[in-house]
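Okay, structure first, notes after.
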Amino acid sequence: MSNKIQTLSGYIHEYAKSVQDPEHFWSRIADSFHWQKRWDSVVEWNFKGPDVKWFTNAKLNITENIFERHLYTLGDKPAIIWEPNNPDEDVRTITYKELYAQVCQFSNVLKAKGVSKGDRVIIYMPMVPEAAVAMLACARIGAVHSVVFAGFSATSLADRINDCKAKMVLTSDGNFRGSKKIAVKEVVDEAIERTESIEKVIVLRRTGQDVNMKSGRDIWWHEAVEGVSTENKAEIVDSEDMLFILYTSGSTGKPKGVVHTCGGYMVYTTYTFQNVFQYSQGDVYWCTADVGWITGHSYIVYGPLLAGATTLMFEGVPTYPDAGRFWAICDKHKVNQFYTAPTAIRALQAYGTEPIEPYKLDSLRVIGTVGEPINEEAWHWYHDHIGKGKCPIVDTWWQTETGGIMISPIAGVTPTKPSYATLPLPGIQLAILDNDGKELTGNSVEGNLCVKFPWPSMLRTTYGDHERCRQTYFSSFKGYYFTGDGVKRDEDGYYRILGRVDDVINVSGHRMGTAEVENAINEHPKVIESAVVGYPHDIKGQGIYAYVICDMEGRSEANLIEEIRQTVTKIIGPIAKPDKIQIVPGLPKTRSGKIMRRILRKIATGETANMGDTSTLLNPEVVEEIIEGAQ
Ligand code: 7RM
């Protein structure tokens with residue numbers, strides 16, 4: 001593809017052009033797509049509103065750019081290779097032509113069941129090709145999908161359905177996850193009881209377990225598609241029409257619905273996929289994320305398929321049937337680009353190199369990471385034992401809100417540096433600001449990571465609450481998009497992400513608001529108050545530490561702690577379960593009643609030698625008691 005950067009000087013040149021004349025730069029990239037009508041202007045924007053529009057008044061359908069644009073040349077090429085949870089089950093290989101037929105057919109099903117342009121559809125499904133079919137069918141008819149990670153609880157699912165007033169849920173009877181079967185349909189049934197907008201539920205048969213089908217509401221997927229035409233004319237939408245909503249945690253208790261739109265998202269995810277991974281026709285690319293996260297949206301489904309790539313989709317977990325599963329899959333399918341999370345690398349590193357030994361891993365050319373900072377030790381292990389010292393590691397920094405990769409090496413083209421995301425991609429104008437909002441120029445500086453010019457796949461709003469979008473991302477530093485991350489630019493100009501500077505923690509690459517976890521803990525009837533902080537965890541990156549004040553009457557501490565764990569699982573899902581729960585007599589507070597998390601973080605980390613100034617606390621004596629309790 002002609003938009004691929006191939007040399008370091010090429011990168012420098014492209015980057016410079018993208019800053020000098022962003023409109024010209026992006027219109028050149030966008031020209032390689034199929035637009036039903038070309039744009040009036042490339043970008044119109046201000047960060048005050050914020051009000052950002054890319055490719056204004058252009059008309060397109062993103063799935064035409066996956067299918068119609070590629071069919072003549074790539075029709076018989078595998079679009080998706082699906083590897084099941086159980087390695088004894090058959091692999092499914094779906095060509096572009098076949099995927100096209102399935103997407104068209106399911107588009108017709110959605111329409112027949114009452115979904116039209118602009119309607120919201122929840123996708124709560126396992127990692128099977130039908131999940132991608134579901135997303136693309138929504139996109140094809142102009143409906144808005146919101147994929148909810150199938151590990152979320154009924155409460156979390158209900159909250160998301162209610163927030164976007166979804167009409168339909170697409171789900172499965174159950175999900176396979178390692179040796180477990182998860183009763184997904186039951187979760188959906190429980191969630192829908194707390195909602196009013198759902199009219200239909202389409203259920204994919206996956207595990208074959210018994211489910212309750214509510215008559216008039218629930219339909220089997222295989223029955224719904226029976227006899228339905230595999231031809232469908234794509235709905236032509238505006239570049240700025242909504243493509244999807246994806247809920248993500250922030251520093252307040254309630255997850256936000258990040259909104260992405262069609263034109264800009266299409267252009268940016270394709271461009272970054274092609275460049276960062278240096279995908280060539282014929283390669284097999286594998287991203288291990290779940291479609292429930294932004295990484296699954298942009299770099300399992302949209303980016304790769306828009307680029308005409310073969311994308312591998314894996315249903316299972318890294319340790320089933322054993323800790324060599326990832327490497328077995330790499331050899332079995334001759335994977336060329338492999339993209340995973342640091343937490344998975346650290347978890348597998350803990351098994352030593354023995355599980356790797358049976359495998360050659362000689363097809364790998366590029367390996368990548370995403371989701372959290374990668375420590376140097378894990379970086380070297382990945383580089384030496386998986387990449388065999390010959391694959392560049394692309395440490396890709398980005399967010400749900402950015403839609404696509406922002407800071408990353410370009411594989412084999414720009415340099416790598418252990419634990420550094422390195423350099424911004426073309427089109428990305430970064431700024432580091434100190435806490436007073438002053439931009440820090442030059443190298444060897446550290447501060448808040450911001451972006452000062454729009455890029456095509458940035459979020460446009462938070463669903464149903466534009467003010468919240470402004471407040472969260474555009475109000476801390478006037479004229480900038482604020483990422484919530486701290487960053488260092490080293491003496492050579494390379495970027496190293498230092499982690500969140502707000503009350504968000506990153507557990508195994510999953511974003512979690514401490515307030516969200518606190519709200520869940522507080523649902524337990526014996527809990528009076530709680531405070532949650534992150535602490536360094538060898539495998540997860542960060543673990544969840546909860547300090548809880550309880551009414552202990554008639555309860556043992558051990559029972560109560562277990563009950564609190566279960567409450568969090570019930571309310572959010574197992575990913576939010578605290579690693580440590582400490583029952584405390586009180587929480588350190590300022591005179592205005594704010595919890596001093598700085599102190600709690602120090603205790604959780606075991607750094608109790610120097611607690612800093614505690615004299616301004618309302619209740620300084622409680623600090624000693626908490627330290628004692630922690631030991
Ligand atoms: C893609 C994704 C976003 C947050 C982000 C960071 C952290 C992501 C890296 C990273 C260090 C990286 N979206 N993060 N990638 N930190 N190095 N390469 O993860 O919305 O779920 O999370 O994740 O803190 O703000 S996300």
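Labels used: A, B, ... for chains in the order of the structure tokens, numbers from 1 for residues in each chain, and numbers from 1 for ligands as shown.
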**Item:** DSSP strand (DSSP E or B) residues within region 9-109 of chain A, listed as a PyMOL selection string
**Value:** chain A and resi 37+43-46+51-54+59-60+78-83+92-95
At a cut-off of 6 Å and counting only C-alpha atoms and all ligand atoms, what residues surround ligand 1? Please answer as a PDB file with C-alpha atoms, in the first residue's frame.
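Result file follows (out-v2.pdb):
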ATOM      1  CA  THR A 295      -7.976  -2.709  20.800  1.00  0.00           C
ATOM      2  CA  VAL A 370      -0.588  -2.317  24.248  1.00  0.00           C
ATOM      3  CA  GLY A 371      -2.624  -1.314  27.259  1.00  0.00           C
ATOM      4  CA  GLU A 372      -0.126  -0.454  29.962  1.00  0.00           C
ATOM      5  CA  PRO A 373       3.518   0.364  30.463  1.00  0.00           C
ATOM      6  CA  ASP A 395       5.080  -0.565  22.229  1.00  0.00           C
ATOM      7  CA  THR A 396       1.888   1.213  21.188  1.00  0.00           C
ATOM      8  CA  TRP A 397       0.422   3.947  23.378  1.00  0.00           C
ATOM      9  CA  TRP A 398      -3.163   4.978  22.798  1.00  0.00           C
ATOM     10  CA  GLN A 399      -6.610   5.053  24.438  1.00  0.00           C
ATOM     11  CA  THR A 400     -10.266   4.226  23.889  1.00  0.00           C
ATOM     12  CA  ALA A 421       6.455   4.026  23.240  1.00  0.00           C
ATOM     13  CA  ASP A 485      -1.377  10.117  31.509  1.00  0.00           C
ATOM     14  CA  ILE A 497       4.489   6.794  29.455  1.00  0.00           C
ATOM     15  CA  GLY A 499       1.011   5.969  34.003  1.00  0.00           C
ATOM     16  CA  ARG A 500      -2.178   7.718  34.979  1.00  0.00           C
ATOM     17  CA  HIS A 510      -8.004  -2.871  31.931  1.00  0.00           C
ATOM     18  CA  ARG A 511      -8.918   0.637  32.899  1.00  0.00           C
TER      19      ARG A 511
END
**Message:** Excluding Arg120 (chain A) and its own-chain neighbours fewer than 2 positions away, which residues fall within 9 Å of it when counting only C-alpha atoms? Please give them as a list in words.
**Reply:**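 What passes the distance filter is Val115, Ser116, Lys117, Gly118, Ile122, Cys138, Ala143, Val144, His145, Ser146, Ile161, Cys164, Lys165, Ala166, Lys167, Met168, Phe244 and Ile245 of chain A.
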Within 7 Å of region 436-456 of chain A: each region 463-494 of chain A residue with its shortest pair, only C-alpha atoms, as a tab-separated table:
residue	atom	partner	partner_atom	distance
A:Phe477	CA	A:Gly437	CA	5.8
A:Gly479	CA	A:Lys452	CA	6.8
A:Tyr480	CA	A:Lys452	CA	4.9
A:Tyr481	CA	A:Val451	CA	5.1
A:Phe482	CA	A:Cys450	CA	4.5
A:Thr483	CA	A:Cys450	CA	5.8
A:Asp485	CA	A:Leu449	CA	5.6
A:Gly486	CA	A:Asn448	CA	4.7
A:Val487	CA	A:Gly447	CA	5.6
A:Lys488	CA	A:Glu446	CA	4.2
A:Arg489	CA	A:Val445	CA	5.4
A:Asp490	CA	A:Ser444	CA	4.4
A:Glu491	CA	A:Ser444	CA	4.7
A:Asp492	CA	A:Asn443	CA	6.8
A:Gly493	CA	A:Asn443	CA	5.5
Can you write out the residues you just picked, keeping C-alpha atoms, as a compact mmCIF listing (two decimals), in the first residue's frame?
# COMPACT_ATOMS: atom_id res chain seq x y z
CA PHE A 477 -5.64 22.53 29.90
CA GLY A 479 -6.87 24.32 23.95
CA TYR A 480 -5.53 20.82 24.52
CA TYR A 481 -6.89 17.28 24.67
CA PHE A 482 -5.68 15.89 28.01
CA THR A 483 -4.98 12.15 28.09
CA ASP A 485 -1.38 10.12 31.51
CA GLY A 486 1.95 11.35 32.78
CA VAL A 487 4.86 11.19 30.35
CA LYS A 488 8.56 11.81 30.08
CA ARG A 489 10.36 13.01 26.94
CA ASP A 490 13.94 11.88 27.35
CA GLU A 491 17.18 13.46 26.22
CA ASP A 492 16.73 11.95 22.73
CA GLY A 493 13.12 13.06 22.34
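Checking A:Arg325, A:Lys200, A:His537, A:Lys181 one by one against Thr343 (chain A), counting only C-alpha atoms, you find the shortest gap at A:His537.
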Mind checking which residues fall within 12 Å of Ala132 (chain A), counting only C-alpha atoms, ignoring those fewer than 3 positions away in the same chain, and posting them as a compact mmCIF listing (two decimals) with N, CA and C atoms, in the first residue's frame?
# COMPACT_ATOMS: atom_id res chain seq x y z
N THR A 63 -18.12 -0.48 5.65
CA THR A 63 -18.04 -1.88 5.20
C THR A 63 -17.86 -1.99 3.68
N ALA A 79 -10.10 -13.57 5.43
CA ALA A 79 -10.26 -12.33 6.18
C ALA A 79 -10.04 -12.64 7.66
N ILE A 80 -10.73 -13.68 8.13
CA ILE A 80 -10.61 -14.07 9.54
C ILE A 80 -10.19 -15.53 9.62
N ILE A 81 -9.17 -15.78 10.42
CA ILE A 81 -8.85 -17.15 10.81
C ILE A 81 -9.25 -17.25 12.27
N TRP A 82 -10.13 -18.19 12.56
CA TRP A 82 -10.62 -18.30 13.94
C TRP A 82 -10.07 -19.54 14.60
N ILE A 94 -12.41 -17.86 7.12
CA ILE A 94 -13.49 -17.17 6.41
C ILE A 94 -12.88 -16.19 5.42
N LEU A 99 -17.14 -13.67 4.30
CA LEU A 99 -17.46 -12.72 5.37
C LEU A 99 -18.46 -11.68 4.86
N TYR A 100 -18.23 -11.26 3.63
CA TYR A 100 -19.13 -10.29 2.99
C TYR A 100 -20.56 -10.84 2.96
N GLN A 102 -21.87 -13.13 4.86
CA GLN A 102 -22.42 -13.22 6.22
C GLN A 102 -22.84 -11.86 6.76
N VAL A 103 -22.01 -10.85 6.47
CA VAL A 103 -22.33 -9.51 6.96
C VAL A 103 -23.60 -8.99 6.27
N PHE A 106 -26.60 -10.82 7.72
CA PHE A 106 -26.98 -10.38 9.06
C PHE A 106 -27.49 -8.94 9.06
N ILE A 123 -23.65 -5.56 21.75
CA ILE A 123 -23.04 -6.85 21.39
C ILE A 123 -22.33 -7.38 22.63
N TYR A 124 -22.80 -8.52 23.12
CA TYR A 124 -22.27 -9.12 24.35
C TYR A 124 -21.96 -10.56 24.00
N MET A 125 -20.81 -10.76 23.35
CA MET A 125 -20.54 -12.04 22.70
C MET A 125 -19.14 -12.55 22.96
N PRO A 126 -18.96 -13.85 22.76
CA PRO A 126 -17.61 -14.43 22.87
C PRO A 126 -16.76 -14.03 21.67
N MET A 127 -15.50 -14.44 21.69
CA MET A 127 -14.59 -14.15 20.58
C MET A 127 -14.79 -15.18 19.48
N VAL A 128 -15.85 -14.96 18.71
CA VAL A 128 -16.15 -15.83 17.57
C VAL A 128 -16.36 -14.91 16.36
N PRO A 129 -16.21 -15.43 15.15
CA PRO A 129 -16.35 -14.57 13.97
C PRO A 129 -17.68 -13.82 13.94
N MET A 135 -20.74 -6.64 14.44
CA MET A 135 -20.27 -5.25 14.39
C MET A 135 -20.41 -4.69 12.98
N LEU A 136 -19.94 -5.47 12.01
CA LEU A 136 -19.93 -4.98 10.63
C LEU A 136 -21.34 -4.84 10.06
N ALA A 137 -22.24 -5.74 10.48
CA ALA A 137 -23.62 -5.63 10.00
C ALA A 137 -24.26 -4.34 10.54
N CYS A 138 -23.99 -4.02 11.79
CA CYS A 138 -24.48 -2.74 12.34
C CYS A 138 -23.95 -1.60 11.49
N ALA A 139 -22.64 -1.62 11.25
CA ALA A 139 -22.02 -0.54 10.49
C ALA A 139 -22.62 -0.46 9.08
N HIS A 145 -23.10 0.27 17.07
CA HIS A 145 -22.88 -0.84 18.00
C HIS A 145 -22.20 -0.38 19.27
N VAL A 147 -20.18 -2.65 21.91
CA VAL A 147 -19.74 -3.97 22.36
C VAL A 147 -19.45 -3.87 23.86
N LEU A 170 -27.19 -8.62 21.04
CA LEU A 170 -26.70 -9.80 20.33
C LEU A 170 -25.80 -10.53 21.31
N ASP A 290 -9.65 -8.69 23.30
CA ASP A 290 -11.05 -9.09 23.16
C ASP A 290 -11.77 -7.97 22.40
N VAL A 291 -12.77 -8.33 21.60
CA VAL A 291 -13.49 -7.28 20.86
C VAL A 291 -14.25 -6.34 21.80
N GLY A 292 -14.35 -6.69 23.05
CA GLY A 292 -15.00 -5.81 24.03
C GLY A 292 -14.18 -4.58 24.39
N GLY A 296 -9.63 -4.43 20.36
CA GLY A 296 -10.34 -5.39 19.52
C GLY A 296 -11.09 -4.70 18.38
N HIS A 297 -11.67 -3.54 18.65
CA HIS A 297 -12.37 -2.81 17.61
C HIS A 297 -11.40 -2.37 16.50
N SER A 298 -10.35 -1.66 16.93
CA SER A 298 -9.49 -0.99 15.94
C SER A 298 -8.47 -1.92 15.31
N TYR A 299 -7.99 -2.93 16.09
CA TYR A 299 -6.89 -3.73 15.57
C TYR A 299 -7.15 -5.24 15.54
N ILE A 300 -8.41 -5.66 15.70
CA ILE A 300 -8.77 -7.02 15.27
C ILE A 300 -9.73 -6.88 14.10
N VAL A 301 -10.69 -5.97 14.25
CA VAL A 301 -11.74 -5.88 13.25
C VAL A 301 -11.46 -4.78 12.21
N TYR A 302 -11.65 -3.52 12.59
CA TYR A 302 -11.68 -2.48 11.56
C TYR A 302 -10.35 -2.24 10.83
N PRO A 304 -7.41 -3.97 10.48
CA PRO A 304 -6.94 -5.06 9.61
C PRO A 304 -7.88 -5.33 8.43
N LEU A 305 -9.18 -5.38 8.66
CA LEU A 305 -10.08 -5.71 7.54
C LEU A 305 -10.12 -4.59 6.52
N THR A 311 -6.82 -11.45 9.63
CA THR A 311 -6.76 -11.22 11.06
C THR A 311 -7.16 -12.49 11.79
N LEU A 312 -6.31 -12.90 12.72
CA LEU A 312 -6.59 -14.11 13.49
C LEU A 312 -7.38 -13.72 14.73
N MET A 313 -8.37 -14.53 15.02
CA MET A 313 -9.21 -14.25 16.18
C MET A 313 -9.15 -15.47 17.09
**Asked** Counting only C-alpha atoms, what is within 8 Å of Glu190 (chain A), bar same-chain residues fewer than 4 positions away, as number ranges by chain?
**Response** A: 154, 186, 194
**Message:** I'd like the neighbourhood of Asp210 (chain A) as an MDAnalysis selection string, where a residue qualifies if any of its atoms comes within 12 Å (using only C-alpha atoms), though same-chain residues fewer than 6 positions away should be ignored.
**Reply:** chainID A and resid 172:174 181:186 203
